[in-house]
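Okay, entry.txt is below, compact mmCIF, C-alpha atoms (C1' of nucleotides):
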```
# COMPACT_ATOMS: atom_id res chain seq x y z
CA MET A 227 0.00 0.00 0.00
CA SER A 228 2.57 2.53 1.12
CA ILE A 229 4.97 1.23 -1.45
CA GLN A 230 2.34 1.43 -4.13
CA ASN A 231 1.61 4.97 -3.03
CA ARG A 232 5.23 5.95 -3.13
CA ARG A 233 5.55 4.54 -6.64
CA GLU A 234 2.46 6.27 -7.86
CA ARG A 235 3.61 9.52 -6.35
CA GLU A 236 7.05 9.23 -7.93
CA ARG A 237 5.42 8.39 -11.21
CA ALA A 238 3.19 11.44 -11.05
CA GLU A 239 6.15 13.62 -10.19
CA ARG A 240 8.09 12.32 -13.14
CA HIS A 241 5.06 12.80 -15.37
CA GLN A 242 5.00 16.44 -14.37
CA LEU A 243 8.76 16.67 -14.72
CA ILE A 244 8.49 15.62 -18.35
CA ILE A 245 5.78 18.17 -19.09
CA ASP A 246 7.77 20.94 -17.44
CA ALA A 247 10.96 19.97 -19.22
CA ALA A 248 9.17 19.95 -22.58
CA ARG A 249 7.68 23.36 -21.91
CA GLU A 250 10.99 24.82 -20.79
CA LEU A 251 12.84 23.39 -23.76
CA ALA A 252 10.21 24.76 -26.12
CA GLU A 253 10.21 28.18 -24.51
CA GLU A 254 13.99 28.37 -24.56
CA GLU A 255 14.77 26.97 -27.98
CA GLY A 256 11.49 26.48 -29.81
CA TRP A 257 9.50 23.34 -30.46
CA ASP A 258 11.98 22.12 -33.07
CA ALA A 259 14.45 21.60 -30.24
CA VAL A 260 12.00 19.41 -28.35
CA THR A 261 13.07 15.97 -29.49
CA THR A 262 12.54 12.83 -27.51
CA ARG A 263 16.30 12.46 -27.14
CA ARG A 264 16.89 15.95 -25.79
CA LEU A 265 13.85 15.70 -23.58
CA ALA A 266 15.03 12.37 -22.18
CA GLU A 267 18.44 13.84 -21.51
CA LYS A 268 16.91 16.82 -19.74
CA VAL A 269 14.85 14.68 -17.38
CA GLU A 270 17.83 12.32 -16.97
CA TYR A 271 16.05 9.22 -18.17
CA SER A 272 16.24 7.26 -21.38
CA GLN A 273 13.78 7.75 -24.20
CA PRO A 274 11.55 4.73 -23.52
CA VAL A 275 10.64 6.20 -20.15
CA LEU A 276 8.86 9.00 -21.98
CA TYR A 277 6.77 6.43 -23.76
CA SER A 278 5.74 4.79 -20.53
CA HIS A 279 4.13 8.10 -19.57
CA PHE A 280 2.85 9.37 -22.90
CA LYS A 281 1.66 7.63 -26.03
CA GLY A 282 4.05 9.69 -28.12
CA LYS A 283 5.57 13.06 -28.62
CA ASP A 284 2.23 14.54 -29.64
CA ALA A 285 0.73 13.55 -26.33
CA ILE A 286 3.49 15.42 -24.51
CA VAL A 287 2.90 18.56 -26.55
CA ARG A 288 -0.81 18.20 -25.88
CA ALA A 289 -0.19 17.98 -22.14
CA VAL A 290 1.90 21.15 -22.30
CA ALA A 291 -0.85 22.85 -24.29
CA ILE A 292 -3.52 21.91 -21.78
CA GLU A 293 -1.43 23.24 -18.90
CA GLY A 294 -0.92 26.36 -20.97
CA CYS A 295 -4.68 26.81 -21.19
CA GLY A 296 -4.75 26.73 -17.41
CA VAL A 297 -2.09 29.41 -17.21
CA LEU A 298 -3.94 31.56 -19.71
CA ALA A 299 -7.22 31.15 -17.84
CA ARG A 300 -5.52 32.25 -14.62
CA GLN A 301 -3.93 35.28 -16.25
CA LEU A 302 -7.21 36.33 -17.81
CA ARG A 303 -8.98 35.93 -14.49
CA GLN A 304 -6.39 38.06 -12.73
CA ALA A 305 -6.56 40.78 -15.37
CA ARG A 306 -8.58 43.44 -13.64
CA PRO A 307 -9.44 46.72 -15.31
CA VAL A 308 -7.55 49.75 -14.05
CA ARG A 309 -8.62 53.39 -14.10
CA GLY A 310 -12.03 52.98 -15.68
CA GLN A 311 -10.67 50.58 -18.27
CA SER A 312 -13.29 48.16 -19.55
CA ARG A 313 -13.03 44.51 -18.69
CA LEU A 314 -13.12 43.87 -22.42
CA ARG A 315 -9.88 45.82 -22.83
CA ALA A 316 -8.17 44.45 -19.73
CA THR A 317 -8.86 40.89 -20.85
CA ALA A 318 -7.77 41.60 -24.41
CA GLU A 319 -4.50 43.06 -23.25
CA ALA A 320 -3.89 40.15 -20.91
CA TYR A 321 -4.60 37.71 -23.75
CA LEU A 322 -2.23 39.48 -26.11
CA ALA A 323 0.42 39.78 -23.40
CA PHE A 324 0.25 36.03 -22.86
CA ALA A 325 0.64 35.34 -26.58
CA ARG A 326 3.52 37.81 -26.81
CA GLU A 327 5.41 36.66 -23.74
CA ARG A 328 4.93 32.92 -24.10
CA PRO A 329 4.90 32.37 -27.85
CA ALA A 330 5.94 28.73 -27.67
CA LEU A 331 3.18 27.93 -25.23
CA TYR A 332 0.64 29.83 -27.30
CA ASP A 333 1.85 27.98 -30.36
CA ALA A 334 1.22 24.58 -28.81
CA MET A 335 -2.20 25.64 -27.59
CA PHE A 336 -3.67 27.31 -30.64
CA VAL A 337 -1.39 27.17 -33.67
CA GLN A 338 0.02 23.67 -34.03
CA GLN A 339 -3.01 21.60 -34.83
CA VAL A 340 -2.30 19.22 -32.01
CA ASP A 341 -5.93 18.22 -32.24
CA LEU A 342 -6.82 18.62 -28.66
CA PRO A 343 -10.07 16.70 -28.28
CA TRP A 344 -11.89 20.02 -28.57
CA GLY A 345 -15.07 19.73 -30.63
CA THR A 346 -15.65 16.04 -30.29
CA GLY A 347 -14.84 14.29 -27.06
CA GLU A 348 -14.37 16.13 -23.82
CA VAL A 349 -12.76 19.52 -23.98
CA PRO A 350 -10.17 20.03 -21.23
CA GLN A 351 -11.46 22.03 -18.29
CA GLU A 352 -8.55 24.45 -18.53
CA LEU A 353 -9.71 25.53 -21.97
CA LEU A 354 -13.31 25.93 -20.87
CA ASP A 355 -12.07 28.12 -18.05
CA ALA A 356 -10.13 30.32 -20.44
CA PHE A 357 -13.06 30.66 -22.80
CA ALA A 358 -15.34 31.46 -19.87
CA GLU A 359 -13.09 34.41 -19.04
CA LEU A 360 -13.51 35.71 -22.56
CA VAL A 361 -17.27 35.31 -22.30
CA ALA A 362 -17.30 37.24 -19.05
CA ALA A 363 -15.30 40.03 -20.64
CA VAL A 364 -17.67 40.27 -23.57
CA GLU A 365 -20.88 40.07 -21.56
CA PRO A 366 -21.03 43.77 -20.63
CA ILE A 367 -21.00 44.87 -24.28
CA LYS A 368 -23.32 42.18 -25.51
CA GLY A 369 -26.28 44.40 -26.30
CA ASP A 370 -28.89 42.33 -28.12
CA ARG A 371 -26.29 40.14 -29.78
CA ASP A 372 -25.66 36.44 -29.18
CA LEU A 373 -23.12 36.23 -26.37
CA GLU A 374 -21.29 33.11 -27.46
CA THR A 375 -21.03 34.16 -31.11
CA LEU A 376 -19.80 37.56 -30.05
CA THR A 377 -17.20 35.91 -27.87
CA GLU A 378 -16.06 33.79 -30.79
CA LEU A 379 -15.60 36.98 -32.76
CA TYR A 380 -13.68 38.57 -29.89
CA TRP A 381 -11.46 35.53 -29.58
CA SER A 382 -10.89 35.30 -33.34
CA THR A 383 -9.82 38.91 -33.48
CA LEU A 384 -7.40 38.48 -30.59
CA HIS A 385 -6.08 35.26 -32.08
CA GLY A 386 -5.62 36.97 -35.43
CA PHE A 387 -3.70 39.78 -33.76
CA ALA A 388 -1.56 37.34 -31.82
CA THR A 389 -0.58 35.11 -34.71
CA LEU A 390 -0.13 37.78 -37.38
CA THR A 391 1.87 39.89 -34.94
CA HIS A 392 4.09 36.95 -34.08
CA GLY A 393 4.64 36.26 -37.78
CA LYS A 394 5.61 39.92 -38.22
CA ARG A 395 2.71 40.51 -40.59
CA LEU A 396 1.39 43.58 -38.77
CA ARG A 397 3.09 46.90 -38.08
CA PRO A 398 4.12 46.70 -34.42
CA GLU A 399 3.96 50.46 -33.91
CA HIS A 400 0.21 50.32 -34.56
CA ASP A 401 -0.61 47.61 -32.04
CA GLN A 402 -2.35 50.01 -29.71
CA ALA A 403 -4.36 51.76 -32.41
CA ARG A 404 -5.41 48.43 -33.87
CA LEU A 405 -6.65 47.17 -30.55
CA ASP A 406 -8.49 50.44 -29.91
CA LEU A 407 -10.19 50.09 -33.25
CA ALA A 408 -11.17 46.50 -32.56
CA LEU A 409 -12.58 47.22 -29.13
CA SER A 410 -14.59 50.22 -30.19
CA ALA A 411 -15.95 48.29 -33.19
CA LEU A 412 -16.95 45.40 -30.94
CA SER A 413 -18.52 47.74 -28.41
CA LEU A 414 -20.64 49.30 -31.14
CA GLY A 415 -22.95 51.92 -29.68
CA GLN A 416 -21.71 51.30 -26.17
CA HIS A 417 -19.58 53.97 -24.59
CA GLU A 418 -15.90 53.17 -24.82
CA ASP A 419 -13.55 53.60 -21.89
CA GLY A 420 -10.72 56.07 -21.87
CA LEU A 421 -7.05 55.07 -21.84
CA MET B 135 23.58 31.22 -76.82
CA SER B 136 20.64 29.16 -78.04
CA ILE B 137 21.87 26.23 -76.05
CA GLN B 138 22.23 28.40 -72.98
CA ASN B 139 18.69 29.64 -73.52
CA ARG B 140 17.33 26.16 -73.85
CA ARG B 141 19.08 25.12 -70.68
CA GLU B 142 17.78 28.08 -68.79
CA ARG B 143 14.28 27.47 -70.05
CA GLU B 144 14.41 23.82 -69.06
CA ARG B 145 15.75 24.84 -65.69
CA ALA B 146 12.92 27.31 -65.17
CA GLU B 147 10.38 24.68 -66.18
CA ARG B 148 11.79 22.22 -63.72
CA HIS B 149 11.86 24.91 -61.04
CA GLN B 150 8.14 25.39 -61.55
CA LEU B 151 7.60 21.65 -61.72
CA ILE B 152 9.07 21.29 -58.25
CA ILE B 153 6.88 24.04 -56.82
CA ASP B 154 3.77 22.54 -58.37
CA ALA B 155 4.63 19.06 -57.17
CA ALA B 156 5.20 20.32 -53.63
CA ARG B 157 1.89 22.17 -53.66
CA GLU B 158 0.01 19.17 -55.03
CA LEU B 159 1.58 16.79 -52.55
CA ALA B 160 0.76 19.14 -49.69
CA GLU B 161 -2.82 19.64 -50.83
CA GLU B 162 -3.36 15.91 -51.29
CA GLU B 163 -1.67 14.53 -48.21
CA GLY B 164 -0.64 17.46 -46.04
CA TRP B 165 2.72 19.08 -45.50
CA ASP B 166 3.98 16.13 -43.44
CA ALA B 167 3.94 14.10 -46.63
CA VAL B 168 6.13 16.63 -48.41
CA THR B 169 9.55 15.10 -47.83
CA THR B 170 12.49 15.69 -50.11
CA ARG B 171 12.45 12.03 -51.09
CA ARG B 172 8.79 11.92 -52.05
CA LEU B 173 9.08 15.23 -53.83
CA ALA B 174 12.10 14.03 -55.77
CA GLU B 175 10.24 10.87 -56.73
CA LYS B 176 7.23 12.89 -57.88
CA VAL B 177 9.27 15.11 -60.17
CA GLU B 178 11.29 12.06 -61.27
CA TYR B 179 14.67 13.37 -60.22
CA SER B 180 16.93 12.55 -57.34
CA GLN B 181 17.01 14.61 -54.16
CA PRO B 182 20.14 16.67 -54.90
CA VAL B 183 18.40 18.20 -57.92
CA LEU B 184 15.99 19.89 -55.53
CA TYR B 185 18.96 21.49 -53.80
CA SER B 186 20.31 22.86 -57.06
CA HIS B 187 17.07 24.84 -57.37
CA PHE B 188 16.31 25.71 -53.75
CA LYS B 189 18.48 26.28 -50.73
CA GLY B 190 16.48 23.78 -48.75
CA LYS B 191 13.04 22.44 -48.05
CA ASP B 192 12.00 25.72 -46.41
CA ALA B 193 12.75 27.61 -49.60
CA ILE B 194 10.44 25.29 -51.52
CA VAL B 195 7.61 25.81 -49.05
CA ARG B 196 8.23 29.54 -49.25
CA ALA B 197 7.98 29.47 -53.04
CA VAL B 198 4.67 27.61 -52.75
CA ALA B 199 3.46 30.18 -50.22
CA ILE B 200 4.34 33.11 -52.47
CA GLU B 201 2.51 31.55 -55.38
CA GLY B 202 -0.39 30.98 -53.02
CA CYS B 203 -0.47 34.69 -52.25
CA GLY B 204 -0.84 35.30 -55.96
CA VAL B 205 -3.76 32.90 -56.14
CA LEU B 206 -5.42 34.53 -53.16
CA ALA B 207 -4.95 38.00 -54.63
CA ARG B 208 -6.59 36.87 -57.86
CA GLN B 209 -9.52 35.27 -56.05
CA LEU B 210 -10.07 38.37 -53.96
CA ARG B 211 -9.92 40.57 -57.05
CA GLN B 212 -12.48 38.43 -58.83
CA ALA B 213 -14.82 38.41 -55.85
CA ARG B 214 -17.49 40.84 -56.90
CA PRO B 215 -20.45 41.73 -54.70
CA VAL B 216 -23.77 40.26 -55.77
CA ARG B 217 -27.27 41.61 -55.08
CA GLY B 218 -26.32 44.70 -53.16
CA GLN B 219 -23.78 42.80 -51.09
CA SER B 220 -20.99 45.03 -49.84
CA ARG B 221 -17.52 44.60 -51.21
CA LEU B 222 -16.41 44.13 -47.62
CA ARG B 223 -18.58 41.03 -47.39
CA ALA B 224 -17.78 39.68 -50.84
CA THR B 225 -14.05 39.91 -50.13
CA ALA B 226 -14.41 38.39 -46.68
CA GLU B 227 -16.32 35.42 -48.06
CA ALA B 228 -13.77 34.94 -50.83
CA TYR B 229 -10.95 35.06 -48.27
CA LEU B 230 -12.62 32.51 -46.03
CA ALA B 231 -13.50 30.30 -49.00
CA PHE B 232 -9.84 30.27 -50.01
CA ALA B 233 -8.75 29.31 -46.51
CA ARG B 234 -11.41 26.61 -46.34
CA GLU B 235 -10.85 25.10 -49.75
CA ARG B 236 -7.06 25.24 -49.86
CA PRO B 237 -6.05 24.71 -46.24
CA ALA B 238 -2.57 23.42 -47.04
CA LEU B 239 -1.81 26.43 -49.17
CA TYR B 240 -3.21 28.78 -46.54
CA ASP B 241 -1.12 27.02 -43.96
CA ALA B 242 2.11 27.61 -45.84
CA MET B 243 1.23 31.24 -46.43
CA PHE B 244 0.11 32.37 -43.01
CA VAL B 245 0.39 29.68 -40.35
CA GLN B 246 3.75 27.97 -40.64
CA GLN B 247 6.20 30.67 -39.73
CA VAL B 248 8.13 30.22 -42.94
CA ASP B 249 9.46 33.70 -42.38
CA LEU B 250 8.71 35.11 -45.74
CA PRO B 251 10.90 38.20 -45.99
CA TRP B 252 7.84 40.22 -44.99
CA GLY B 253 8.60 43.01 -42.58
CA THR B 254 12.27 43.44 -43.27
CA GLY B 255 13.54 42.97 -46.79
CA GLU B 256 11.29 43.10 -49.81
CA VAL B 257 7.81 41.73 -49.42
CA PRO B 258 6.75 39.59 -52.39
CA GLN B 259 4.53 41.45 -54.84
CA GLU B 260 1.88 38.71 -54.67
CA LEU B 261 1.35 39.45 -51.01
CA LEU B 262 1.16 43.19 -51.54
CA ASP B 263 -1.47 42.53 -54.21
CA ALA B 264 -3.53 40.44 -51.83
CA PHE B 265 -3.31 43.02 -49.07
CA ALA B 266 -4.26 45.74 -51.55
CA GLU B 267 -7.47 43.87 -52.26
CA LEU B 268 -8.28 43.87 -48.57
CA VAL B 269 -7.58 47.60 -48.38
CA ALA B 270 -9.89 48.23 -51.32
CA ALA B 271 -12.64 46.24 -49.63
CA VAL B 272 -12.28 48.19 -46.40
CA GLU B 273 -12.04 51.61 -48.00
CA PRO B 274 -15.81 52.19 -48.37
CA ILE B 275 -16.43 51.71 -44.64
CA LYS B 276 -13.38 53.64 -43.52
CA GLY B 277 -15.21 56.63 -42.03
CA ASP B 278 -12.68 58.77 -40.22
CA ARG B 279 -10.55 55.82 -39.20
CA ASP B 280 -7.03 55.00 -40.40
CA LEU B 281 -7.41 52.86 -43.51
CA GLU B 282 -4.37 50.66 -43.10
CA THR B 283 -4.96 49.98 -39.42
CA LEU B 284 -8.58 49.17 -40.14
CA THR B 285 -7.48 46.78 -42.86
CA GLU B 286 -5.12 45.09 -40.42
CA LEU B 287 -8.06 44.60 -38.10
CA TYR B 288 -10.18 43.23 -40.94
CA TRP B 289 -7.42 40.84 -41.95
CA SER B 290 -6.76 39.75 -38.37
CA THR B 291 -10.42 38.93 -37.87
CA LEU B 292 -10.60 36.92 -41.09
CA HIS B 293 -7.34 35.17 -40.24
CA GLY B 294 -8.64 34.37 -36.77
CA PHE B 295 -11.82 32.92 -38.26
CA ALA B 296 -9.85 30.89 -40.79
CA THR B 297 -7.38 29.35 -38.38
CA LEU B 298 -9.71 28.74 -35.45
CA THR B 299 -12.30 27.25 -37.80
CA HIS B 300 -9.70 24.97 -39.33
CA GLY B 301 -8.62 23.87 -35.87
CA LYS B 302 -12.27 23.13 -35.06
CA ARG B 303 -12.26 25.70 -32.29
CA LEU B 304 -15.40 27.49 -33.45
CA ARG B 305 -18.93 26.16 -33.89
CA PRO B 306 -19.28 25.65 -37.64
CA GLU B 307 -23.05 26.17 -37.61
CA HIS B 308 -22.48 29.75 -36.50
CA ASP B 309 -20.05 30.71 -39.26
CA GLN B 310 -22.57 32.93 -40.99
CA ALA B 311 -23.77 34.68 -37.85
CA ARG B 312 -20.20 35.26 -36.73
CA LEU B 313 -19.25 36.85 -40.01
CA ASP B 314 -22.38 39.01 -39.95
CA LEU B 315 -21.46 40.19 -36.50
CA ALA B 316 -17.91 40.98 -37.55
CA LEU B 317 -18.91 42.91 -40.64
CA SER B 318 -21.55 44.98 -38.92
CA ALA B 319 -19.16 45.74 -36.07
CA LEU B 320 -16.49 46.83 -38.53
CA SER B 321 -18.96 48.92 -40.47
CA LEU B 322 -19.98 50.69 -37.30
CA GLY B 323 -22.50 53.40 -38.10
CA GLN B 324 -22.47 52.62 -41.78
CA HIS B 325 -25.53 50.92 -43.18
CA GLU B 326 -25.00 47.20 -43.61
CA ASP B 327 -26.07 45.37 -46.74
CA GLY B 328 -28.72 42.70 -46.80
CA LEU B 329 -27.86 39.09 -47.53
C1' DT C 275 17.51 -16.59 -0.12
C1' DC C 276 15.15 -17.41 -4.21
C1' DG C 277 11.85 -16.32 -8.06
C1' DC C 278 9.52 -13.09 -10.25
C1' DA C 279 7.53 -8.82 -11.60
C1' DT C 280 8.47 -4.33 -12.34
C1' DG C 281 11.18 -0.77 -14.06
C1' DT C 282 14.87 0.87 -16.99
C1' DC C 283 18.20 0.80 -20.53
C1' DT C 284 20.79 -0.50 -24.82
C1' DA C 285 20.52 -0.96 -29.40
C1' DG C 286 18.23 -0.71 -33.52
C1' DC C 287 14.43 0.18 -37.25
C1' DG C 288 12.86 3.02 -40.88
C1' DG C 289 12.36 7.62 -41.66
C1' DT C 290 14.06 12.82 -42.12
C1' DG C 291 16.93 16.99 -44.39
C1' DC C 292 20.97 17.48 -46.61
C1' DT C 293 25.62 16.73 -49.15
C1' DA C 294 30.32 14.82 -50.86
C1' DG C 295 32.04 12.40 -54.33
C1' DA C 296 31.37 9.12 -58.13
C1' DT C 297 29.14 8.72 -62.48
C1' DT C 298 26.76 9.70 -66.45
C1' DT C 299 25.39 12.88 -70.08
C1' DT C 300 26.33 16.71 -73.02
C1' DG C 301 28.36 19.70 -76.46
C1' DC C 302 32.48 21.01 -78.63
C1' DG C 303 37.23 20.99 -81.13
C1' DG C 304 39.93 18.16 -83.94
C1' DC D 254 32.99 10.70 -86.23
C1' DC D 255 35.80 10.58 -82.08
C1' DG D 256 37.62 11.80 -77.66
C1' DC D 257 37.54 14.80 -74.00
C1' DA D 258 36.38 18.56 -70.68
C1' DA D 259 32.51 20.35 -68.38
C1' DA D 260 28.13 20.25 -66.88
C1' DA D 261 24.38 17.73 -64.98
C1' DT D 262 22.84 14.05 -62.27
C1' DC D 263 22.88 10.20 -59.19
C1' DT D 264 24.54 6.93 -55.46
C1' DA D 265 25.55 6.50 -51.00
C1' DG D 266 26.06 8.23 -46.71
C1' DC D 267 25.89 11.56 -42.52
C1' DA D 268 23.59 12.86 -38.26
C1' DC D 269 19.40 13.29 -36.65
C1' DC D 270 14.27 12.10 -35.94
C1' DG D 271 10.11 9.25 -33.47
C1' DC D 272 9.52 5.00 -31.72
C1' DT D 273 10.15 0.04 -29.83
C1' DA D 274 11.87 -4.94 -28.99
C1' DG D 275 14.41 -7.32 -26.11
C1' DA D 276 18.24 -7.44 -22.65
C1' DC D 277 19.23 -6.18 -18.11
C1' DA D 278 18.81 -4.56 -13.29
C1' DT D 279 16.27 -3.80 -9.19
C1' DG D 280 13.53 -4.75 -5.26
C1' DC D 281 9.45 -7.13 -3.50
C1' DG D 282 6.84 -11.38 -1.53
C1' DA D 283 7.30 -16.21 -0.39
```
Take the structure from the file and write it as structure tokens.
Amino acid sequence: MSIQNRRERERAERHQLIIDAARELAEEEGWDAVTTRRLAEKVEYSQPVLYSHFKGKDAIVRAVAIEGCGVLARQLRQARPVRGQSRLRATAEAYLAFARERPALYDAMFVQQVDLPWGTGEVPQELLDAFAELVAAVEPIKGDRDLETLTELYWSTLHGFATLTHGKRLRPEHDQARLDLALSALSLGQHEDGL
Amino acid sequence: MSIQNRRERERAERHQLIIDAARELAEEEGWDAVTTRRLAEKVEYSQPVLYSHFKGKDAIVRAVAIEGCGVLARQLRQARPVRGQSRLRATAEAYLAFARERPALYDAMFVQQVDLPWGTGEVPQELLDAFAELVAAVEPIKGDRDLETLTELYWSTLHGFATLTHGKRLRPEHDQARLDLALSALSLGQHEDGL
DNA sequence: TCGCATGTCTAGCGGTGCTAGATTTTGCGG
DNA sequence: CCGCAAAATCTAGCACCGCTAGACATGCGA
């Protein structure tokens, strides 16, 4: 019993160790550097150990992505409006900050088509949490529009900003103006906050 | 002289042959299937021939992406509004149709960070053409807003739709409603077209 | 202490992008 | 028409990839 427990605990710790190592490697050197060999070396085990925890490399990336959704959800939740700023804007800026500061993580979550279960099958709770934060941010400017559809639009716009910015497709010096434009368009007739 | 010309012509034809083969392979089986070996087999040459035309696999993907920009520009230019539809809407639908119908091509152009010269260095003309079509579509609803920034917002929204839809992150049955919402938000006070 | 199950590793498979050096093809001067 | 240099092309191989079979070590229960 106790021995079983110890083993399970050690196993869980190593499981987490692998996820963390993969994330760190990706954030430091990009996903191309995350090979099973380098990952194994980093966690100081041999390659087959990875496969006793995950079905394959994809599963590891997926685990990192799901954790990333949790991080994003937390950051969005903690993003509180300052000085009369709308929640819509505070959340948008937090979202874009996450994408900007953790590009590798964002990539695993939303760019690489890792095929998280998503549509079919159960969507990870972390992702639902993150989406719920977006919904909450959009709710005040809903008007008579469909909340979920409006949130999808909000998310799409932010995602477009994030990915095109990262690919250097947009003029960085206009980031602020572009976001202003987006938020005031989304808010429609609603009054827009200053700053 | 004539011999040189013939050789250059044959070389140019083979150059194009490689690009076409790469695009076809990618569209039929996805970019994972585009390996230098399979590509060489498809064009009926050995691998090193590819490297006498392109610096590496990335350069081939880039060439496909640039051609794809040309195709997109042409499709956007040909997208004419029907039945009082706004140009904004006609262009948006053409853009999304392109992304939906040629996902592999779209992927090479805007998702894989192939690092087309883009920001720094000369941007390929095909891309400028495509962006110009977006600008032209946005112009009528500009109001007193900055045209280029507004176009970046328009593009970001479309790109967000395209990529999140492809990754099955958005509810497909709400595609139309989502686009309606986006267009009317962008148009702000302007009157929106029916259908 | 022995036998066994569990855990871990070594070594290897077929694949990748890419390239050095051998080989074939080509076009020209004699 | 022949022989030869040069150009074009291929063969074979490198180091790496994801992944796994089978050898080996470890530590438990009898």
Test item: chain C residues at most 12 Å from chain B, counting all atoms listed in the file, as a PyMOL selection string | chain C and resi 289-294+300-301
Selected residues written out with C-alpha atoms (C1' of nucleotides), as a tab-separated table (two decimals), in the frame of the given file:
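This went into out-v1.tsv:
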```
chain	number	residue	atom	x	y	z
C	289	DG	C1'	12.36	7.62	-41.66
C	290	DT	C1'	14.06	12.82	-42.12
C	291	DG	C1'	16.93	16.99	-44.39
C	292	DC	C1'	20.97	17.48	-46.61
C	293	DT	C1'	25.62	16.73	-49.15
C	294	DA	C1'	30.32	14.82	-50.86
C	300	DT	C1'	26.33	16.71	-73.02
C	301	DG	C1'	28.36	19.70	-76.46
```
Select residues of chain D: the criterion is any atom within 10 Å of an atom of chain B, counting all atoms listed in the file; output as a PyMOL selection string.
-> chain D and resi 261-264
Counting only C-alpha atoms (C1' of nucleotides), what is within 12 Å of DT280 of chain C, bar same-chain residues fewer than 6 positions away, as a list in words?
->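 Answer for this query is Gln230 and Arg233 of chain A; DA278, DT279, DG280 and DC281 of chain D.
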Record the distance separating atom C1' of DC269 of chain D and atom CA of Lys189 of chain B, expressed in Å with one decimal.
-> 19.2 Å
What residues in chain A lie within 9 Å of chain B, counting all atoms listed in the file, written as an MDAnalysis selection string?
-> chainID A and resid 336:341 344:345 371 375:376 378:390 392:397 400:401 403:405 407:408 410:415
May I ask for the distance between atom CA of Ala199 of chain B and atom CA of Arg234 of chain B, given in Å to one decimal place?
->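 Distance between the two atoms: 15.8 Å.
Excluding segment 235-240 of chain B and any residue on its chain fewer than 4 positions from it, the residues at most 10 Å away by all atoms listed in the file are Arg157, Glu158, Leu159, Ala160, Glu161, Glu162, Glu163, Gly164, Trp165, Val195, Val198, Ala199, Ile200, Glu201, Gly202, Cys203, Val205, Leu206, Leu230, Ala231, Phe244, Val245, Gln246, His293, Ala296, Thr297 and His300 of chain B.
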Sel. within 12 Å of pt (-11.3, 37.5, -51.7), counting all atoms listed in the file, output as a VMD selection string = chain B and resid 203 to 215 221 to 233 263 to 272 289 292
Could you tell me how far atom CA of Phe188 of chain B lies from atom C1' of DG271 of chain D, in Å and to one decimal?
->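 About the pair atom CA of Phe188 of chain B and atom C1' of DG271 of chain D: they are 26.8 Å apart.
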